[in-house]
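With PDB, C-alpha atoms inside, this is final.pdb:
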```
ATOM      1  CA  MET A   1     -72.425-129.452 -12.993  1.00  0.00           C
ATOM      2  CA  VAL A   2     -71.836-129.658  -9.228  1.00  0.00           C
ATOM      3  CA  ASN A   3     -74.461-127.422  -7.612  1.00  0.00           C
ATOM      4  CA  THR A   4     -72.582-125.540  -4.882  1.00  0.00           C
ATOM      5  CA  ILE A   5     -69.669-125.967  -2.497  1.00  0.00           C
ATOM      6  CA  GLY A   6     -69.934-125.504   1.218  1.00  0.00           C
ATOM      7  CA  LEU A   7     -68.862-122.294   2.864  1.00  0.00           C
ATOM      8  CA  THR A   8     -66.006-123.978   4.716  1.00  0.00           C
ATOM      9  CA  ILE A   9     -64.589-125.474   1.518  1.00  0.00           C
ATOM     10  CA  LEU A  10     -65.049-122.170  -0.289  1.00  0.00           C
ATOM     11  CA  VAL A  11     -63.164-120.214   2.342  1.00  0.00           C
ATOM     12  CA  SER A  12     -60.380-122.805   2.281  1.00  0.00           C
ATOM     13  CA  LEU A  13     -60.084-122.650  -1.508  1.00  0.00           C
ATOM     14  CA  LEU A  14     -59.925-118.882  -1.551  1.00  0.00           C
ATOM     15  CA  ALA A  15     -57.535-118.686   1.367  1.00  0.00           C
ATOM     16  CA  THR A  16     -55.110-121.243  -0.059  1.00  0.00           C
ATOM     17  CA  ALA A  17     -55.142-119.926  -3.635  1.00  0.00           C
ATOM     18  CA  PRO A  18     -51.726-118.775  -4.882  1.00  0.00           C
ATOM     19  CA  ALA A  19     -51.127-115.164  -3.912  1.00  0.00           C
ATOM     20  CA  ALA A  20     -51.206-112.788  -6.862  1.00  0.00           C
ATOM     21  CA  PRO A  21     -48.463-110.156  -7.208  1.00  0.00           C
ATOM     22  CA  SER A  22     -49.430-106.926  -5.464  1.00  0.00           C
ATOM     23  CA  ASN A  23     -46.826-104.636  -6.991  1.00  0.00           C
ATOM     24  CA  ILE A  24     -46.196-104.893 -10.731  1.00  0.00           C
ATOM     25  CA  ASP A  25     -43.935-102.605 -12.720  1.00  0.00           C
ATOM     26  CA  LEU A  26     -45.695-102.099 -16.074  1.00  0.00           C
ATOM     27  CA  SER A  27     -43.188 -99.730 -17.673  1.00  0.00           C
ATOM     28  CA  VAL A  28     -40.934-102.397 -19.250  1.00  0.00           C
ATOM     29  CA  PRO A  29     -43.421-105.022 -20.530  1.00  0.00           C
ATOM     30  CA  PHE A  30     -45.781-102.341 -21.901  1.00  0.00           C
ATOM     31  CA  HIS A  31     -43.022 -99.891 -22.973  1.00  0.00           C
ATOM     32  CA  THR A  32     -44.877 -97.052 -21.260  1.00  0.00           C
ATOM     33  CA  ARG A  33     -43.838 -93.423 -21.502  1.00  0.00           C
ATOM     34  CA  SER A  34     -44.549 -92.880 -17.803  1.00  0.00           C
ATOM     35  CA  PRO A  35     -43.636 -95.139 -14.841  1.00  0.00           C
ATOM     36  CA  TRP A  36     -46.933 -97.038 -14.704  1.00  0.00           C
ATOM     37  CA  ARG A  37     -47.401 -99.558 -11.905  1.00  0.00           C
ATOM     38  CA  PHE A  38     -50.184-101.749 -10.514  1.00  0.00           C
ATOM     39  CA  THR A  39     -50.454-102.087  -6.742  1.00  0.00           C
ATOM     40  CA  ALA A  40     -52.835-103.916  -4.452  1.00  0.00           C
ATOM     41  CA  ILE A  41     -52.832-103.027  -0.760  1.00  0.00           C
ATOM     42  CA  GLN A  42     -54.938-105.030   1.667  1.00  0.00           C
ATOM     43  CA  GLU A  43     -56.477-103.499   4.768  1.00  0.00           C
ATOM     44  CA  ALA A  44     -56.630-105.208   8.149  1.00  0.00           C
ATOM     45  CA  ALA A  45     -58.924-108.191   8.687  1.00  0.00           C
ATOM     46  CA  ILE A  46     -62.524-107.415   9.648  1.00  0.00           C
ATOM     47  CA  ALA A  47     -65.170-109.179  11.711  1.00  0.00           C
ATOM     48  CA  ASP A  48     -66.893-111.941   9.750  1.00  0.00           C
ATOM     49  CA  ALA A  49     -70.508-110.821   9.435  1.00  0.00           C
ATOM     50  CA  PHE A  50     -71.733-114.367   8.765  1.00  0.00           C
ATOM     51  CA  SER A  51     -69.847-116.271  11.441  1.00  0.00           C
ATOM     52  CA  ASP A  52     -68.870-116.051  15.102  1.00  0.00           C
ATOM     53  CA  PRO A  53     -68.301-112.395  16.133  1.00  0.00           C
ATOM     54  CA  ASP A  54     -64.725-113.281  17.077  1.00  0.00           C
ATOM     55  CA  ASP A  55     -63.966-114.750  13.635  1.00  0.00           C
ATOM     56  CA  LYS A  56     -62.139-112.611  11.115  1.00  0.00           C
ATOM     57  CA  ALA A  57     -62.513-112.203   7.365  1.00  0.00           C
ATOM     58  CA  PRO A  58     -59.831-110.889   4.982  1.00  0.00           C
ATOM     59  CA  GLY A  59     -59.661-107.119   4.718  1.00  0.00           C
ATOM     60  CA  ARG A  60     -60.541-105.113   1.626  1.00  0.00           C
ATOM     61  CA  PHE A  61     -58.026-104.522  -1.167  1.00  0.00           C
ATOM     62  CA  THR A  62     -57.291-101.109  -2.629  1.00  0.00           C
ATOM     63  CA  LEU A  63     -56.390-101.659  -6.275  1.00  0.00           C
ATOM     64  CA  CYS A  64     -54.432 -98.929  -8.025  1.00  0.00           C
ATOM     65  CA  LEU A  65     -53.158 -98.483 -11.547  1.00  0.00           C
ATOM     66  CA  SER A  66     -51.125 -95.291 -11.671  1.00  0.00           C
ATOM     67  CA  HIS A  67     -48.035 -93.514 -13.002  1.00  0.00           C
ATOM     68  CA  ASP A  68     -47.563 -91.027 -10.156  1.00  0.00           C
ATOM     69  CA  GLY A  69     -46.948 -93.146  -7.082  1.00  0.00           C
ATOM     70  CA  GLN A  70     -50.633 -93.945  -6.349  1.00  0.00           C
ATOM     71  CA  LYS A  71     -51.653 -90.285  -6.186  1.00  0.00           C
ATOM     72  CA  ASP A  72     -54.044 -90.637  -9.094  1.00  0.00           C
ATOM     73  CA  CYS A  73     -55.393 -94.177  -9.679  1.00  0.00           C
ATOM     74  CA  GLU A  74     -57.353 -95.491 -12.664  1.00  0.00           C
ATOM     75  CA  PRO A  75     -60.993 -94.813 -11.615  1.00  0.00           C
ATOM     76  CA  THR A  76     -62.356 -98.061 -13.091  1.00  0.00           C
ATOM     77  CA  LEU A  77     -60.757-100.007 -10.252  1.00  0.00           C
ATOM     78  CA  PHE A  78     -62.564 -97.902  -7.628  1.00  0.00           C
ATOM     79  CA  HIS A  79     -65.812 -99.688  -8.465  1.00  0.00           C
ATOM     80  CA  THR A  80     -64.491-103.230  -8.366  1.00  0.00           C
ATOM     81  CA  LEU A  81     -67.274-105.312  -6.754  1.00  0.00           C
ATOM     82  CA  GLY A  82     -69.056-102.194  -5.545  1.00  0.00           C
ATOM     83  CA  ASN A  83     -68.035 -98.850  -4.150  1.00  0.00           C
ATOM     84  CA  ASP A  84     -69.894 -99.158  -0.871  1.00  0.00           C
ATOM     85  CA  THR A  85     -68.245 -97.679   2.213  1.00  0.00           C
ATOM     86  CA  GLN A  86     -69.166-100.743   4.271  1.00  0.00           C
ATOM     87  CA  PRO A  87     -66.061-102.749   5.286  1.00  0.00           C
ATOM     88  CA  TRP A  88     -67.357-105.942   3.622  1.00  0.00           C
ATOM     89  CA  SER A  89     -67.874-104.255   0.253  1.00  0.00           C
ATOM     90  CA  GLY A  90     -65.336-104.346  -2.583  1.00  0.00           C
ATOM     91  CA  PRO A  91     -62.572-106.867  -3.354  1.00  0.00           C
ATOM     92  CA  HIS A  92     -61.282-108.972  -0.457  1.00  0.00           C
ATOM     93  CA  PHE A  93     -59.394-111.569  -2.512  1.00  0.00           C
ATOM     94  CA  LEU A  94     -56.967-110.883  -5.321  1.00  0.00           C
ATOM     95  CA  ARG A  95     -57.231-114.047  -7.382  1.00  0.00           C
ATOM     96  CA  GLU A  96     -54.969-112.934 -10.179  1.00  0.00           C
ATOM     97  CA  ALA A  97     -52.922-109.937 -11.258  1.00  0.00           C
ATOM     98  CA  GLU A  98     -50.719-110.907 -14.160  1.00  0.00           C
ATOM     99  CA  ILE A  99     -49.429-109.753 -17.525  1.00  0.00           C
ATOM    100  CA  LYS A 100     -50.600-111.966 -20.389  1.00  0.00           C
ATOM    101  CA  GLN A 101     -49.287-111.764 -23.938  1.00  0.00           C
ATOM    102  CA  PRO A 102     -50.068-114.810 -26.071  1.00  0.00           C
ATOM    103  CA  GLU A 103     -51.062-112.471 -28.916  1.00  0.00           C
ATOM    104  CA  GLY A 104     -47.710-110.721 -28.812  1.00  0.00           C
ATOM    105  CA  ARG A 105     -49.168-107.616 -27.199  1.00  0.00           C
ATOM    106  CA  PRO A 106     -49.261-107.406 -23.381  1.00  0.00           C
ATOM    107  CA  LEU A 107     -52.508-107.398 -21.442  1.00  0.00           C
ATOM    108  CA  LEU A 108     -52.855-106.691 -17.708  1.00  0.00           C
ATOM    109  CA  LEU A 109     -55.397-109.137 -16.289  1.00  0.00           C
ATOM    110  CA  ILE A 110     -56.865-108.568 -12.819  1.00  0.00           C
ATOM    111  CA  GLN A 111     -59.428-110.834 -11.172  1.00  0.00           C
ATOM    112  CA  SER A 112     -60.752-110.118  -7.696  1.00  0.00           C
ATOM    113  CA  ALA A 113     -63.437-111.657  -5.493  1.00  0.00           C
ATOM    114  CA  GLY A 114     -65.646-110.304  -2.757  1.00  0.00           C
ATOM    115  CA  LEU A 115     -66.475-111.753   0.629  1.00  0.00           C
ATOM    116  CA  TRP A 116     -68.756-114.757   0.875  1.00  0.00           C
ATOM    117  CA  SER A 117     -72.332-114.334   2.046  1.00  0.00           C
ATOM    118  CA  GLY A 118     -74.239-116.576   4.445  1.00  0.00           C
ATOM    119  CA  ASP A 119     -74.824-119.229   1.759  1.00  0.00           C
ATOM    120  CA  GLY A 120     -71.235-119.170   0.480  1.00  0.00           C
ATOM    121  CA  ASP A 121     -72.020-116.988  -2.538  1.00  0.00           C
ATOM    122  CA  TYR A 122     -69.570-114.272  -3.597  1.00  0.00           C
ATOM    123  CA  GLY A 123     -68.981-111.865  -6.465  1.00  0.00           C
ATOM    124  CA  ILE A 124     -66.130-112.000  -8.968  1.00  0.00           C
ATOM    125  CA  GLU A 125     -64.815-109.291 -11.280  1.00  0.00           C
ATOM    126  CA  THR A 126     -62.436-109.810 -14.189  1.00  0.00           C
ATOM    127  CA  ILE A 127     -60.909-106.786 -15.876  1.00  0.00           C
ATOM    128  CA  ALA A 128     -58.188-106.526 -18.526  1.00  0.00           C
ATOM    129  CA  PHE A 129     -56.263-103.425 -19.591  1.00  0.00           C
ATOM    130  CA  ARG A 130     -54.396-102.498 -22.772  1.00  0.00           C
ATOM    131  CA  TYR A 131     -51.864 -99.689 -22.946  1.00  0.00           C
ATOM    132  CA  ASN A 132     -52.615 -96.749 -25.253  1.00  0.00           C
ATOM    133  CA  ALA A 133     -49.210 -95.330 -26.148  1.00  0.00           C
ATOM    134  CA  THR A 134     -50.630 -92.264 -27.904  1.00  0.00           C
ATOM    135  CA  GLU A 135     -52.423 -91.100 -24.760  1.00  0.00           C
ATOM    136  CA  ASP A 136     -50.011 -92.738 -22.296  1.00  0.00           C
ATOM    137  CA  ARG A 137     -52.788 -94.421 -20.363  1.00  0.00           C
ATOM    138  CA  PHE A 138     -54.321 -97.838 -19.739  1.00  0.00           C
ATOM    139  CA  VAL A 139     -57.765 -98.514 -21.166  1.00  0.00           C
ATOM    140  CA  VAL A 140     -60.246-101.249 -20.299  1.00  0.00           C
ATOM    141  CA  ALA A 141     -60.185-103.910 -22.995  1.00  0.00           C
ATOM    142  CA  TYR A 142     -62.434-106.457 -21.238  1.00  0.00           C
ATOM    143  CA  LEU A 143     -64.722-106.375 -18.201  1.00  0.00           C
ATOM    144  CA  HIS A 144     -66.876-109.117 -16.712  1.00  0.00           C
ATOM    145  CA  VAL A 145     -68.730-108.869 -13.416  1.00  0.00           C
ATOM    146  CA  ALA A 146     -70.509-111.812 -11.802  1.00  0.00           C
ATOM    147  CA  GLU A 147     -72.501-110.766  -8.746  1.00  0.00           C
ATOM    148  CA  HIS A 148     -73.037-114.426  -7.825  1.00  0.00           C
ATOM    149  CA  ASN A 149     -70.939-117.567  -8.067  1.00  0.00           C
ATOM    150  CA  ARG A 150     -73.074-120.391  -9.453  1.00  0.00           C
ATOM    151  CA  ASN A 151     -70.317-122.502 -10.970  1.00  0.00           C
ATOM    152  CA  GLY A 152     -69.790-119.754 -13.515  1.00  0.00           C
ATOM    153  CA  ASP A 153     -66.349-118.971 -14.823  1.00  0.00           C
ATOM    154  CA  VAL A 154     -64.251-116.541 -16.840  1.00  0.00           C
ATOM    155  CA  ARG A 155     -61.208-117.873 -18.625  1.00  0.00           C
ATOM    156  CA  TYR A 156     -58.470-116.205 -20.641  1.00  0.00           C
ATOM    157  CA  MET A 157     -57.253-118.716 -23.217  1.00  0.00           C
ATOM    158  CA  VAL A 158     -53.464-118.923 -23.375  1.00  0.00           C
ATOM    159  CA  THR A 159     -53.228-121.950 -25.689  1.00  0.00           C
ATOM    160  CA  GLY A 160     -55.204-123.709 -28.394  1.00  0.00           C
ATOM    161  CA  PRO A 161     -57.340-122.434 -31.281  1.00  0.00           C
ATOM    162  CA  LEU A 162     -58.985-119.825 -29.033  1.00  0.00           C
ATOM    163  CA  ARG A 163     -55.679-118.425 -27.795  1.00  0.00           C
ATOM    164  CA  GLY A 164     -56.091-114.784 -26.708  1.00  0.00           C
ATOM    165  CA  ALA A 165     -59.891-115.002 -26.261  1.00  0.00           C
ATOM    166  CA  PHE A 166     -61.996-114.584 -23.117  1.00  0.00           C
ATOM    167  CA  ILE A 167     -64.708-117.179 -22.475  1.00  0.00           C
ATOM    168  CA  SER A 168     -67.354-116.620 -19.795  1.00  0.00           C
ATOM    169  CA  ALA A 169     -70.082-118.888 -18.428  1.00  0.00           C
ATOM    170  CA  ASP A 170     -72.923-117.332 -16.422  1.00  0.00           C
ATOM    171  CA  ALA A 171     -75.887-119.194 -14.953  1.00  0.00           C
ATOM    172  CA  THR A 172     -79.254-118.535 -16.593  1.00  0.00           C
ATOM    173  CA  GLU A 173     -82.125-117.173 -14.525  1.00  0.00           C
ATOM    174  CA  ASP A 174     -84.823-119.408 -16.009  1.00  0.00           C
ATOM    175  CA  ALA A 175     -85.409-123.131 -16.461  1.00  0.00           C
ATOM    176  CA  PRO A 176     -84.044-125.375 -17.774  1.00  0.00           C
ATOM    177  CA  TYR A 177     -81.153-123.954 -15.778  1.00  0.00           C
ATOM    178  CA  ALA A 178     -77.984-123.816 -17.822  1.00  0.00           C
ATOM    179  CA  TYR A 179     -75.322-121.204 -18.666  1.00  0.00           C
ATOM    180  CA  TRP A 180     -74.874-118.365 -21.103  1.00  0.00           C
ATOM    181  CA  ILE A 181     -71.594-119.006 -22.888  1.00  0.00           C
ATOM    182  CA  VAL A 182     -69.935-115.909 -24.370  1.00  0.00           C
ATOM    183  CA  VAL A 183     -66.679-115.779 -26.330  1.00  0.00           C
ATOM    184  CA  ASN A 184     -64.935-112.409 -26.665  1.00  0.00           C
ATOM    185  CA  LYS A 185     -62.064-111.712 -29.063  1.00  0.00           C
ATOM    186  CA  ILE A 186     -59.940-108.627 -29.561  1.00  0.00           C
ATOM    187  CA  GLY A 187     -61.388-106.371 -32.259  1.00  0.00           C
ATOM    188  CA  ALA A 188     -61.960-102.771 -33.280  1.00  0.00           C
ATOM    189  CA  GLY A 189     -60.424-100.174 -31.008  1.00  0.00           C
ATOM    190  CA  ASP A 190     -58.177-102.834 -29.424  1.00  0.00           C
ATOM    191  CA  ILE A 191     -61.193-103.829 -27.308  1.00  0.00           C
ATOM    192  CA  TYR A 192     -62.704-107.261 -26.791  1.00  0.00           C
ATOM    193  CA  HIS A 193     -66.011-107.852 -28.566  1.00  0.00           C
ATOM    194  CA  PRO A 194     -68.404-110.827 -28.340  1.00  0.00           C
ATOM    195  CA  VAL A 195     -68.194-113.200 -31.303  1.00  0.00           C
ATOM    196  CA  LEU A 196     -70.403-115.960 -29.866  1.00  0.00           C
ATOM    197  CA  ARG A 197     -73.247-116.227 -27.342  1.00  0.00           C
ATOM    198  CA  TYR A 198     -75.475-119.254 -26.769  1.00  0.00           C
ATOM    199  CA  ARG A 199     -77.306-121.220 -24.090  1.00  0.00           C
ATOM    200  CA  SER A 200     -75.214-124.189 -23.001  1.00  0.00           C
ATOM    201  CA  ALA A 201     -75.914-127.869 -23.417  1.00  0.00           C
ATOM    202  CA  THR A 202     -74.444-128.233 -19.916  1.00  0.00           C
ATOM    203  CA  ARG A 203     -77.124-128.116 -17.238  1.00  0.00           C
ATOM    204  CA  TYR A 204     -76.825-126.757 -13.713  1.00  0.00           C
ATOM    205  CA  GLY A 205     -76.636-129.666 -11.272  1.00  0.00           C
ATOM    206  CA  ASP A 206     -76.155-132.368 -13.929  1.00  0.00           C
ATOM    207  CA  GLY A 207     -73.387-134.083 -11.949  1.00  0.00           C
ATOM    208  CA  ASN A 208     -70.617-133.439 -14.461  1.00  0.00           C
ATOM    209  CA  PRO A 209     -67.418-132.683 -12.473  1.00  0.00           C
ATOM    210  CA  LEU A 210     -65.886-130.757 -15.371  1.00  0.00           C
ATOM    211  CA  ALA A 211     -65.859-126.963 -15.303  1.00  0.00           C
ATOM    212  CA  VAL A 212     -68.631-125.514 -17.457  1.00  0.00           C
ATOM    213  CA  ILE A 213     -66.238-124.055 -20.029  1.00  0.00           C
ATOM    214  CA  ASP A 214     -64.458-127.407 -20.381  1.00  0.00           C
ATOM    215  CA  SER A 215     -67.709-129.317 -20.844  1.00  0.00           C
ATOM    216  CA  GLU A 216     -68.826-126.768 -23.452  1.00  0.00           C
ATOM    217  CA  MET A 217     -65.575-126.630 -25.429  1.00  0.00           C
ATOM    218  CA  PRO A 218     -66.807-128.958 -28.237  1.00  0.00           C
ATOM    219  CA  ASN A 219     -69.858-126.709 -28.683  1.00  0.00           C
ATOM    220  CA  ILE A 220     -67.790-123.531 -28.548  1.00  0.00           C
ATOM    221  CA  GLU A 221     -65.226-124.689 -31.084  1.00  0.00           C
ATOM    222  CA  GLN A 222     -67.828-126.210 -33.403  1.00  0.00           C
ATOM    223  CA  ARG A 223     -69.916-123.024 -33.448  1.00  0.00           C
ATOM    224  CA  LEU A 224     -66.774-121.033 -34.307  1.00  0.00           C
ATOM    225  CA  HIS A 225     -65.815-123.558 -37.023  1.00  0.00           C
ATOM    226  CA  LEU A 226     -62.710-124.633 -35.134  1.00  0.00           C
ATOM    227  CA  TRP A 227     -63.747-128.274 -34.597  1.00  0.00           C
ATOM    228  CA  ARG A 228     -65.837-130.882 -36.393  1.00  0.00           C
ATOM    229  CA  PRO A 229     -67.499-133.989 -34.894  1.00  0.00           C
ATOM    230  CA  SER A 230     -65.298-136.171 -37.116  1.00  0.00           C
ATOM    231  CA  GLN A 231     -62.232-134.943 -35.205  1.00  0.00           C
ATOM    232  CA  SER A 232     -60.950-135.889 -31.746  1.00  0.00           C
ATOM    233  CA  LEU A 233     -62.830-134.170 -28.945  1.00  0.00           C
ATOM    234  CA  PRO A 234     -61.293-131.000 -27.457  1.00  0.00           C
ATOM    235  CA  LEU A 235     -59.971-132.145 -24.090  1.00  0.00           C
ATOM    236  CA  PRO A 236     -59.735-130.208 -20.807  1.00  0.00           C
ATOM    237  CA  PRO A 237     -56.393-129.406 -19.099  1.00  0.00           C
ATOM    238  CA  ARG A 238     -57.018-132.127 -16.508  1.00  0.00           C
ATOM    239  CA  PRO A 239     -56.840-135.873 -17.359  1.00  0.00           C
ATOM    240  CA  CYS A 240     -59.958-137.098 -19.182  1.00  0.00           C
ATOM    241  CA  ALA A 241     -60.131-140.898 -19.070  1.00  0.00           C
ATOM    242  CA  LYS A 242     -63.199-141.487 -21.234  1.00  0.00           C
ATOM    243  CA  PRO A 243     -64.029-138.374 -23.282  1.00  0.00           C
ATOM    244  CA  HIS A 244     -67.537-138.552 -24.742  1.00  0.00           C
ATOM    245  CA  LEU A 245     -70.540-136.334 -25.352  1.00  0.00           C
ATOM    246  CA  VAL A 246     -73.725-136.519 -23.299  1.00  0.00           C
ATOM    247  CA  LYS A 247     -76.548-134.460 -24.789  1.00  0.00           C
ATOM    248  CA  GLY A 248     -73.944-132.233 -26.439  1.00  0.00           C
ATOM    249  CA  ALA A 249     -71.735-131.700 -23.356  1.00  0.00           C
ATOM    250  CA  LEU A 250     -68.288-133.217 -22.793  1.00  0.00           C
ATOM    251  CA  TRP A 251     -67.937-135.816 -20.041  1.00  0.00           C
ATOM    252  CA  CYS A 252     -64.796-137.659 -18.922  1.00  0.00           C
ATOM    253  CA  GLN A 253     -66.347-140.523 -16.930  1.00  0.00           C
TER     254      GLN A 253
END
```

Rendering of file as structure tokens:
Amino acid sequence: MVNTIGLTILVSLLATAPAAPSNIDLSVPFHTRSPWRFTAIQEAAIADAFSDPDDKAPGRFTLCLSHDGQKDCEPTLFHTLGNDTQPWSGPHFLREAEIKQPEGRPLLLIQSAGLWSGDGDYGIETIAFRYNATEDRFVVAYLHVAEHNRNGDVRYMVTGPLRGAFISADATEDAPYAYWIVVNKIGAGDIYHPVLRYRSATRYGDGNPLAVIDSEMPNIEQRLHLWRPSQSLPLPPRPCAKPHLVKGALWCQ
């Protein structure tokens, strides 16, 4: 995979990403008994600690899931990317806040990112909530925290044989440097549980422009008995001119 991206490119990508909704009425799609709502309020820009003192970085977001007008927010969101009082702590980008329901039951998916460090690294948190009608509250169904961005990824599958699953790819800490691939599916207690975990065939810095999860899809589906080598290769969302396997990983060039 591509090793890293420069800080300037990273900032541009984050800054130009589509803005996620910051005020979502949850009462209708989840059929809640109380007027539940998700809000995200961003504070004023702060001084960029890793750039010119006059440069500004996006302010911190306050994320709130509540049914009483933000008086009492779901405490899980208080710890998103740290609960430090420093202005650069916590979520500073709201990558996604959206209701998903490919399984027929709604899921509130929130993904936030922290500020970049001097080398362009930043943390990402993905959290998904289900609604518990009996208790009239939202419960965490899935949580993934990546303190570093090393071409890792978390993806909620909206189509295909893994529809409704979460797939994560996290860089290993030891050589040969690769990724831990984990597939989570909804299970007991209406909570996501891991059904697959393995060390990827994809290697860190191998030059493959595909996202890790895309390059690993043949391995993922084969291990879950959803694909066989005699069948056409599982293709990524983007065009793939010459799909083929290289040491077990999917390549398109």

message: For A:Glu173, find every residue with an atom within 12 Å (counting all atoms listed in the file), except residues of its own chain fewer than 6 positions away, and show them as a PyMOL selection string.
response: chain A and resi 148+150+179-180+199+204

task: State, in Å with one decimal place, the distance from atom CA of A:Phe50 to atom CA of A:His79.
output: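 These two atoms are separated by 23.4 Å.
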
- request: Would you translate the PyMOL selection byres ((chain A and resi 55-60) around 7) into the concrete set of residues it matches in this file, as a PyMOL selection string?
  value: chain A and resi 42-48+51-54+61-62+90-92

query: atom CA of A:Leu233 and atom CA of A:Ala175 are how many Å apart?
result: 28.1 Å

- prompt: If we count all atoms listed in the file, what is near A:Asn132 at a cut-off of 10 Å, once residues fewer than 3 positions away on the same chain are taken out, given as a list in words?
  reply: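 Surrounding residues, per the criterion: Phe30, Thr32, Phe129, Glu135, Asp136, Arg137, Phe138, Val139 and Asp190 of chain A.
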
message: As an exercise, work out the distance from atom CA of A:Arg203 to atom CA of A:Gly164 in Å and give it to one decimal place.
response: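 Separation between atom CA of A:Arg203 and atom CA of A:Gly164: 26.6 Å.
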